[in-house]
Structure formats: C-alpha cells, structure tokens
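**Q** Enclosed is the structure file start_23.csv (CSV, C-alpha atoms).
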chain,number,residue,atom,x,y,z
A,157,MET,CA,15.5,72.8,132.0
A,158,HIS,CA,12.9,75.4,131.2
A,159,TYR,CA,13.1,78.3,128.8
A,160,THR,CA,10.6,81.0,128.0
A,161,PHE,CA,10.4,83.3,124.9
A,162,ASP,CA,8.0,86.1,124.0
A,163,ILE,CA,6.5,86.4,120.5
A,164,GLU,CA,5.6,89.8,119.2
A,165,GLU,CA,2.8,90.1,116.7
A,166,GLY,CA,4.1,90.9,113.2
A,167,ASN,CA,7.8,91.1,114.3
A,168,PHE,CA,9.5,89.0,111.7
A,169,THR,CA,12.9,90.5,112.6
A,170,ASN,CA,13.2,88.5,115.8
A,171,ALA,CA,11.5,85.4,114.4
A,172,GLY,CA,13.8,82.4,114.8
A,173,GLN,CA,15.4,83.6,118.0
A,174,ALA,CA,13.8,80.9,120.1
A,175,SER,CA,14.7,78.2,117.6
A,176,GLY,CA,18.2,79.5,117.3
A,177,ASN,CA,18.7,79.6,121.1
A,178,ILE,CA,17.2,76.1,121.6
A,179,LYS,CA,19.4,74.7,118.8
A,180,LYS,CA,22.6,76.0,120.5
A,181,THR,CA,21.4,74.6,123.8
A,182,LEU,CA,20.6,71.1,122.4
A,183,LYS,CA,24.0,71.1,120.7
A,184,GLN,CA,25.7,71.8,124.0
A,185,LEU,CA,23.7,69.0,125.5
A,186,ASN,CA,25.0,66.6,122.8
A,187,VAL,CA,21.5,65.8,121.6
A,188,ASN,CA,21.7,63.8,118.3
A,189,PRO,CA,21.8,66.1,115.2
A,190,ALA,CA,18.9,64.3,113.5
A,191,SER,CA,16.6,65.2,116.5
A,192,ILE,CA,17.9,68.8,116.6
A,193,LYS,CA,17.1,69.3,112.9
A,194,ARG,CA,13.5,68.2,113.5
A,195,ILE,CA,13.1,70.2,116.6
A,196,VAL,CA,14.4,73.4,115.0
A,197,VAL,CA,12.1,73.1,112.0
A,198,ALA,CA,9.0,72.5,114.2
A,199,LEU,CA,9.8,75.3,116.6
A,200,TYR,CA,10.6,77.8,113.9
A,201,GLU,CA,7.4,77.1,112.0
A,202,ALA,CA,5.4,77.5,115.2
A,203,GLU,CA,7.2,80.7,116.0
A,204,ILE,CA,6.5,82.1,112.5
A,205,ASN,CA,2.8,81.1,112.7
A,206,ALA,CA,2.4,83.1,115.9
A,207,VAL,CA,4.1,86.1,114.4
A,208,ALA,CA,2.3,86.0,111.1
A,209,HIS,CA,-1.2,84.9,112.2
A,210,ALA,CA,-1.7,85.7,115.9
A,211,TYR,CA,-1.6,88.7,118.2
A,212,GLY,CA,1.7,87.5,119.7
A,213,GLY,CA,2.2,84.9,122.4
A,214,LYS,CA,4.7,82.9,124.4
A,215,ILE,CA,6.9,79.9,124.0
A,216,ASP,CA,7.7,77.5,126.8
A,217,VAL,CA,10.3,74.9,126.2
A,218,ASP,CA,11.2,72.0,128.6
A,219,ILE,CA,14.2,69.9,127.9
A,220,ASP,CA,14.3,66.5,129.7
A,221,SER,CA,16.9,63.7,129.3
A,222,ASP,CA,14.9,61.9,126.7
A,223,LYS,CA,12.6,64.5,125.1
A,224,ILE,CA,11.8,68.2,124.4
A,225,THR,CA,8.4,69.7,124.9
A,226,MET,CA,7.6,73.0,123.2
A,227,VAL,CA,4.4,74.8,123.9
A,228,VAL,CA,3.6,77.8,121.7
A,229,ALA,CA,0.6,79.7,123.1
A,230,ASP,CA,-0.8,82.7,121.2
A,231,ARG,CA,-3.3,85.3,122.0
A,232,GLY,CA,-5.7,84.7,119.2
A,233,PRO,CA,-7.6,84.9,116.9
A,234,GLY,CA,-7.8,81.1,116.9
A,235,ILE,CA,-8.0,78.7,113.9
A,236,PRO,CA,-11.6,78.3,112.5
A,237,ASN,CA,-10.9,75.0,110.8
A,238,ILE,CA,-7.9,72.9,111.9
A,239,ASP,CA,-8.4,70.3,109.2
A,240,LEU,CA,-8.1,72.9,106.5
A,241,ALA,CA,-5.1,74.6,108.3
A,242,MET,CA,-3.3,71.2,108.4
A,243,THR,CA,-3.8,70.8,104.6
A,244,GLU,CA,-0.6,71.4,102.7
A,245,GLY,CA,-0.9,74.5,100.5
A,246,TYR,CA,-3.8,76.0,102.5
A,247,SER,CA,-2.9,79.4,103.9
A,248,THR,CA,-4.7,82.5,105.2
A,249,ALA,CA,-1.5,84.6,105.2
A,250,SER,CA,-1.6,88.2,104.0
A,251,LYS,CA,0.0,89.4,100.8
A,252,GLU,CA,2.8,91.1,102.7
A,253,VAL,CA,3.6,87.8,104.5
A,254,ARG,CA,3.5,85.8,101.2
A,255,GLU,CA,5.9,88.3,99.6
A,256,MET,CA,8.4,87.5,102.2
A,257,GLY,CA,8.2,83.8,101.2
A,258,PHE,CA,6.0,82.7,104.1
A,259,GLY,CA,2.4,81.7,103.8
A,260,ALA,CA,2.9,78.8,101.5
A,261,GLY,CA,0.6,76.6,103.6
A,262,MET,CA,3.5,74.4,104.7
A,263,GLY,CA,4.0,75.5,108.3
A,264,LEU,CA,1.7,73.1,110.1
A,265,PRO,CA,2.4,70.1,107.8
A,266,ASN,CA,6.1,70.8,108.5
A,267,ILE,CA,5.4,70.8,112.2
A,268,LYS,CA,3.5,67.6,112.0
A,269,SER,CA,6.2,65.7,110.1
A,270,ASN,CA,8.9,66.9,112.4
A,271,THR,CA,7.4,66.1,115.8
A,272,ASP,CA,6.6,62.8,117.5
A,273,GLN,CA,3.5,64.2,119.3
A,274,LEU,CA,1.5,67.2,118.3
A,275,ASP,CA,-1.5,68.6,120.1
A,276,ILE,CA,-3.4,71.7,118.9
A,277,GLN,CA,-6.0,73.4,121.1
A,278,THR,CA,-7.7,76.4,119.6
A,279,GLN,CA,-10.6,78.6,120.5
A,280,LEU,CA,-11.9,81.4,118.3
A,281,GLY,CA,-11.3,84.8,119.9
A,282,VAL,CA,-9.1,83.4,122.6
A,283,GLY,CA,-6.1,81.7,121.0
A,284,THR,CA,-4.2,78.6,119.9
A,285,THR,CA,-1.9,76.5,121.9
A,286,ILE,CA,0.4,74.1,120.1
A,287,THR,CA,2.2,71.4,122.1
A,288,MET,CA,5.0,69.7,120.3
A,289,THR,CA,7.1,66.8,121.7
A,290,VAL,CA,10.2,65.3,120.1
A,291,PHE,CA,11.9,62.3,121.7
A,292,PHE,CA,15.7,62.2,121.4
B,37,MET,CA,33.7,71.7,94.7
B,38,THR,CA,34.9,74.5,97.0
B,39,LEU,CA,32.9,77.6,97.6
B,40,LYS,CA,35.9,79.7,96.3
B,41,GLU,CA,35.7,77.8,92.9
B,42,ILE,CA,32.0,78.3,92.7
B,43,ILE,CA,32.4,82.1,93.4
B,44,GLU,CA,35.0,82.3,90.6
B,45,LYS,CA,33.2,80.2,88.0
B,46,LEU,CA,29.8,81.8,88.5
B,47,ASP,CA,31.3,85.3,88.9
B,48,LEU,CA,29.5,86.0,92.1
B,49,THR,CA,29.6,89.2,94.2
B,50,VAL,CA,30.8,88.4,97.8
B,51,TYR,CA,29.2,90.4,100.6
B,52,ASN,CA,31.1,89.1,103.6
B,53,ASP,CA,34.1,87.0,104.7
B,54,VAL,CA,33.7,83.6,103.2
B,55,ASN,CA,35.4,80.3,104.1
B,56,GLY,CA,36.3,79.5,100.5
B,57,ASP,CA,37.4,76.0,101.5
B,58,THR,CA,33.8,74.9,102.3
B,59,GLU,CA,32.9,71.9,100.2
B,60,ILE,CA,29.6,72.3,98.3
B,61,SER,CA,28.2,69.2,96.7
B,62,SER,CA,24.5,70.2,96.4
B,63,ALA,CA,22.1,73.1,96.4
B,64,TYR,CA,18.5,74.0,97.0
B,65,ALA,CA,16.6,76.7,95.1
B,66,SER,CA,13.4,78.1,96.5
B,67,ASP,CA,11.9,81.4,97.5
B,68,LEU,CA,9.3,79.8,99.8
B,69,LEU,CA,10.8,79.7,103.3
B,70,SER,CA,8.8,76.8,104.6
B,71,ASP,CA,9.8,74.8,101.6
B,72,VAL,CA,13.5,75.4,102.5
B,73,MET,CA,12.7,74.7,106.2
B,74,GLY,CA,11.1,71.5,105.3
B,75,ASN,CA,13.3,70.2,102.5
B,76,ALA,CA,16.7,71.8,102.3
B,77,LYS,CA,19.5,69.6,103.7
B,78,SER,CA,22.4,70.8,105.9
B,79,GLY,CA,25.5,71.7,103.8
B,80,GLN,CA,23.5,72.7,100.8
B,81,LEU,CA,23.9,76.0,99.2
B,82,TRP,CA,20.7,78.0,98.9
B,83,ILE,CA,19.6,80.0,95.8
B,84,THR,CA,16.9,82.6,96.3
B,85,MET,CA,15.7,86.1,95.5
B,86,GLN,CA,14.5,86.7,99.1
B,87,THR,CA,16.8,89.2,100.9
B,88,HIS,CA,15.4,89.7,104.4
B,89,LYS,CA,16.8,88.7,107.8
B,90,ASN,CA,14.7,85.5,108.0
B,91,VAL,CA,16.7,84.1,105.1
B,92,ALA,CA,19.8,84.2,107.2
B,93,ALA,CA,18.0,82.9,110.2
B,94,ILE,CA,16.7,79.9,108.3
B,95,ALA,CA,20.1,79.3,106.8
B,96,ALA,CA,21.6,79.2,110.3
B,97,LEU,CA,18.9,76.8,111.6
B,98,LYS,CA,19.4,74.5,108.6
B,99,ASP,CA,23.2,74.6,108.6
B,100,VAL,CA,23.3,76.2,105.1
B,101,PRO,CA,26.8,77.5,104.6
B,102,ALA,CA,26.1,79.9,101.7
B,103,ILE,CA,23.3,81.8,100.0
B,104,ILE,CA,23.3,83.0,96.4
B,105,LEU,CA,20.9,86.0,95.8
B,106,VAL,CA,19.8,86.1,92.2
B,107,LYS,CA,19.2,89.0,89.8
B,108,ASN,CA,21.8,91.2,91.4
B,109,ASN,CA,19.8,91.4,94.7
B,110,ALA,CA,21.7,92.7,97.7
B,111,PRO,CA,21.0,91.4,101.2
B,112,ASP,CA,19.1,93.7,103.6
B,113,GLU,CA,21.4,95.1,106.3
B,114,ASP,CA,20.1,93.0,109.1
B,115,MET,CA,20.3,89.8,106.9
B,116,LEU,CA,23.9,90.5,106.2
B,117,ALA,CA,24.7,91.2,109.9
B,118,PHE,CA,23.0,88.0,111.0
B,119,ALA,CA,24.8,86.0,108.3
B,120,LYS,CA,28.1,87.4,109.4
B,121,ASP,CA,27.5,86.4,113.0
B,122,GLU,CA,26.6,82.8,111.9
B,123,ASP,CA,29.5,82.5,109.3
B,124,ILE,CA,27.1,82.1,106.4
B,125,ALA,CA,28.5,83.3,103.1
B,126,VAL,CA,26.2,85.9,101.3
B,127,LEU,CA,26.8,85.9,97.6
B,128,SER,CA,25.0,87.5,94.6
B,129,SER,CA,24.7,86.8,90.9
B,130,LYS,CA,23.6,89.1,88.1
B,131,GLN,CA,21.7,86.2,86.6
B,132,ALA,CA,18.3,84.8,87.4
B,133,SER,CA,17.6,81.5,89.2
B,134,PHE,CA,17.3,79.5,86.0
B,135,GLU,CA,20.8,80.4,84.8
B,136,VAL,CA,22.4,80.2,88.3
B,137,CYS,CA,20.9,76.7,88.9
B,138,GLY,CA,21.8,75.5,85.5
B,139,LYS,CA,25.4,76.6,85.7
B,140,LEU,CA,25.8,75.3,89.3
B,141,TYR,CA,24.3,72.0,88.4
B,142,GLU,CA,26.8,71.6,85.6
B,143,LEU,CA,29.6,72.4,88.0
B,144,ILE,CA,28.7,70.1,90.9
B,145,LYS,CA,26.4,67.4,89.5
Show the structure stored in the file as structure tokens.

**A**
Amino acid sequence: MHYTFDIEEGNFTNAGQASGNIKKTLKQLNVNPASIKRIVVALYEAEINAVAHAYGGKIDVDIDSDKITMVVADRGPGIPNIDLAMTEGYSTASKEVREMGFGAGMGLPNIKSNTDQLDIQTQLGVGTTITMTVFF
Amino acid sequence: MTLKEIIEKLDLTVYNDVNGDTEISSAYASDLLSDVMGNAKSGQLWITMQTHKNVAAIAALKDVPAIILVKNNAPDEDMLAFAKDEDIAVLSSKQASFEVCGKLYELIK
C-alpha cells in the first residue's frame, strides 16, 4: 500500500497528520503495537523537521507485509553537517520554533533509535531525503 | 487512581468531556515535545505548559489519555478541538509544574 502526504513549510498546525493517518492504518492492519509506537515517533519527528527546517516537501509511505518504508523528501536547504545534526542536543531551530517546545536537538536521534534502517541523503541548496524502514 | 479522583484531589479545571474512569498510574512532565515523543509511555498523563495543537497531536500519537496544563494555562482552540476528537482529557491547574508533579506523585506513586 502506498500513501503520499504533502508537507508545508512552517505549517505546524497540520504537522502530525501523516503520522496520525499511518498510525490508524497500521492499527487496522493489526501491526504489533510496539512497532506502531516506533514508526509513529520516527515519522512525526521527520515531519516536524521538514516543517521547521525545510521549505516543505513530501512524504511517501509504503506498507508491506513485513515492513514499512517512509521517505521524507524536502526542498532544501539541506544539512551542512550530518554528524552534528545527529548529535543529541544540537539544533539550528529558530527562537519561535523553540518556544513551541521543538528544536531540542532530539529529532534525528529519536528517528535513529526508532527505526531499523535509516538513510539520509542531503545536498546543500537542493534538499534532504530521509528514508526510514521499520520491520514489523 | 482514576482520572476523576486526580481531577478532584488536584482541583483541576476540566476543558472537555473526560472519561473519569481512566486509570492513571504514571505521568510525564516536559515542555520539550521531542522529549515527550521519545520518552513518554502510553497511558501516562502529561504535565506541560505548552498549549498549542501539536501537544494534542503528540498526545494522540503516544496514547496519552490526559494532559494537565500548568499555571492556569488554557488550551488553544485548535488544541482543544483536536483533543476532543481524540478523546484526550484537557485539564488545567492553577499551580506550577513543581507543585502539580509533587502532589500527583504523592497520589499515585
């Protein structure tokens, strides 16, 4: 099964929509609750990253019998230093984003610990594509 | 302890229809949303001063049945609407996080 969601730059109001939809779908498919919990955390964090840091983007989700693959592709600006971005506590979030309680530098570490496979491709000025896989 | 008892004992304001029979045995206090995403457990009550819609969205994703807003904070309109749709109780205390956490810990530890 394939699902697509759009991400709008700076629109926190709709953030969580994709993760909410996917959670409901996985529940209907009787995927085990432990896997659903991990998937939801990873997808939500990736969604928020694209809203807070990027110029919007797109989410593609594929659900197979044994795994889910979630690809979050944004339209830039790209991550200058991935190692730094993966460091817990490091954040480039704006003051406004931090005041909402985001931008604690925990998003990417949360994604890493809640996925079985994580691939991050980034190009400055072009964008970042995060591919996350979780096996059921 | 049931949510109804917690509401009474902590003298909480109730913003929406609440399933008072919900059993609460633990809570998580944080204003950092990724901290809650990463570390809160399903069934825990969430104590925070954040009042925007993402709070309700995270509560729904994490199966958090109730949120206590501290320092008399009221939920934003869209937070409350989202919480209603997802059957998440939105509560508020006049007191700050320290007092709310301390009292709740004494009640359910």

**Q** Give me the chain B side of the contact with chain A, cut-off 8 Å, one line per residue showing its nearest atom pair and distance in Å at one decimal, counting only C-alpha atoms, sorted by chain and residue number, as a tab-separated table.

**A**
residue	atom	partner	partner_atom	distance
B:Asp67	CA	A:Gly257	CA	5.8
B:Leu68	CA	A:Gly257	CA	4.4
B:Leu69	CA	A:Gly257	CA	5.3
B:Ser70	CA	A:Met262	CA	5.8
B:Asp71	CA	A:Met262	CA	7.0
B:Met73	CA	A:Val197	CA	6.0
B:Gly74	CA	A:Asn266	CA	6.0
B:Gln86	CA	A:Met256	CA	6.9
B:His88	CA	A:Met256	CA	7.7
B:Lys89	CA	A:Thr169	CA	6.4
B:Asn90	CA	A:Thr169	CA	7.0
B:Ala93	CA	A:Gly172	CA	6.2
B:Ile94	CA	A:Gly172	CA	7.5
B:Ala96	CA	A:Gly176	CA	7.8
B:Leu97	CA	A:Gly176	CA	6.3
B:Lys98	CA	A:Lys193	CA	7.1

**Q** Would you please work out which residue, of A:Val207, A:Ala249, A:Val290, A:Val227, is nearest to Ile276 of chain A when using only C-alpha atoms?

**A**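 The closest residue to Ile276 of chain A is A:Val227.
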
**Q** Tell me, in Å to one decimal, how far atom CA of Leu280 of chain A is from atom CA of Ile224 of chain A.

**A**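 Here the two named atoms are 27.8 Å from each other.
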
**Q** Just give me the gap between atom CA of Lys77 of chain B and atom CA of Ile103 of chain B in Å, one decimal is fine.

**A**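 About the pair atom CA of Lys77 of chain B and atom CA of Ile103 of chain B: they are 13.3 Å apart.
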
**Q** Which residues are close to Asp220 of chain A, i.e. within 12 Å by only C-alpha atoms, leaving aside same-chain residues fewer than 3 positions away? Reply as a list of chain:residue names.

**A**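 These residues fall inside the cut-off: A:Met157, A:His158, A:Tyr159, A:Leu182, A:Leu185, A:Val187, A:Val217, A:Lys223, A:Ile224, A:Thr225, A:Met226, A:Thr289, A:Val290, A:Phe291, A:Phe292.
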
**Q** Within 12 Å of segment 38-42 of chain B, counting all atoms listed in the file, which residues qualify if same-chain residues fewer than 4 places away don't, as number ranges by chain?

**A** B: 46-50, 53-63, 79-81, 101-104, 124-129, 136-137, 139-144

**Q** Please indicate the distance in Å from atom CA of Glu135 of chain B to atom CA of Asp112 of chain B, rounded to one decimal place.

**A**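 So the two atoms, atom CA of Glu135 of chain B and atom CA of Asp112 of chain B, lie 23.1 Å apart.
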
**Q** Once N, CA and C atoms are restored for segment 101-125 of chain B, what would the output be as a compact mmCIF listing (two decimals), keeping the file's coordinate frame?

**A**
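So the final result, stored in result11.txt, reads:
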# COMPACT_ATOMS: atom_id res chain seq x y z
N PRO B 101 25.60 76.70 104.45
CA PRO B 101 26.80 77.50 104.60
C PRO B 101 26.89 78.73 103.67
N ALA B 102 26.05 78.75 102.62
CA ALA B 102 26.10 79.90 101.70
C ALA B 102 24.82 80.12 100.98
N ILE B 103 24.55 81.39 100.69
CA ILE B 103 23.30 81.80 100.00
C ILE B 103 23.70 82.57 98.76
N ILE B 104 23.11 82.22 97.62
CA ILE B 104 23.30 83.00 96.40
C ILE B 104 21.99 83.79 96.15
N LEU B 105 22.05 85.11 96.19
CA LEU B 105 20.90 86.00 95.80
C LEU B 105 20.96 86.18 94.34
N VAL B 106 19.83 85.99 93.69
CA VAL B 106 19.80 86.10 92.20
C VAL B 106 19.41 87.47 91.75
N LYS B 107 19.58 87.70 90.46
CA LYS B 107 19.20 89.00 89.80
C LYS B 107 19.76 90.19 90.47
N ASN B 108 21.03 90.05 90.86
CA ASN B 108 21.80 91.20 91.40
C ASN B 108 21.17 91.72 92.73
N ASN B 109 20.37 90.94 93.40
CA ASN B 109 19.80 91.40 94.70
C ASN B 109 20.88 91.49 95.73
N ALA B 110 20.76 92.52 96.57
CA ALA B 110 21.70 92.70 97.70
C ALA B 110 20.96 92.31 98.98
N PRO B 111 21.69 91.79 99.96
CA PRO B 111 21.00 91.40 101.20
C PRO B 111 20.60 92.69 101.98
N ASP B 112 19.47 92.61 102.69
CA ASP B 112 19.10 93.70 103.60
C ASP B 112 20.23 93.75 104.68
N GLU B 113 20.37 94.93 105.27
CA GLU B 113 21.40 95.10 106.30
C GLU B 113 21.38 94.11 107.40
N ASP B 114 20.17 93.88 107.92
CA ASP B 114 20.10 93.00 109.10
C ASP B 114 20.26 91.50 108.65
N MET B 115 19.96 91.19 107.38
CA MET B 115 20.30 89.80 106.90
C MET B 115 21.77 89.61 106.87
N LEU B 116 22.48 90.61 106.35
CA LEU B 116 23.90 90.50 106.20
C LEU B 116 24.58 90.39 107.62
N ALA B 117 24.10 91.22 108.55
CA ALA B 117 24.70 91.20 109.90
C ALA B 117 24.46 89.82 110.55
N PHE B 118 23.27 89.28 110.39
CA PHE B 118 23.00 88.00 111.00
C PHE B 118 23.85 86.89 110.33
N ALA B 119 23.99 86.97 109.01
CA ALA B 119 24.80 86.00 108.30
C ALA B 119 26.27 86.05 108.73
N LYS B 120 26.75 87.26 108.94
CA LYS B 120 28.10 87.40 109.40
C LYS B 120 28.34 86.74 110.76
N ASP B 121 27.40 86.97 111.67
CA ASP B 121 27.50 86.40 113.00
C ASP B 121 27.48 84.85 112.94
N GLU B 122 26.79 84.30 111.96
CA GLU B 122 26.60 82.80 111.90
C GLU B 122 27.58 82.22 110.85
N ASP B 123 28.51 83.03 110.31
CA ASP B 123 29.50 82.50 109.30
C ASP B 123 28.81 81.91 108.09
N ILE B 124 27.79 82.58 107.62
CA ILE B 124 27.10 82.10 106.40
C ILE B 124 27.53 83.08 105.27
N ALA B 125 28.02 82.52 104.18
CA ALA B 125 28.50 83.30 103.10
C ALA B 125 27.26 83.91 102.32
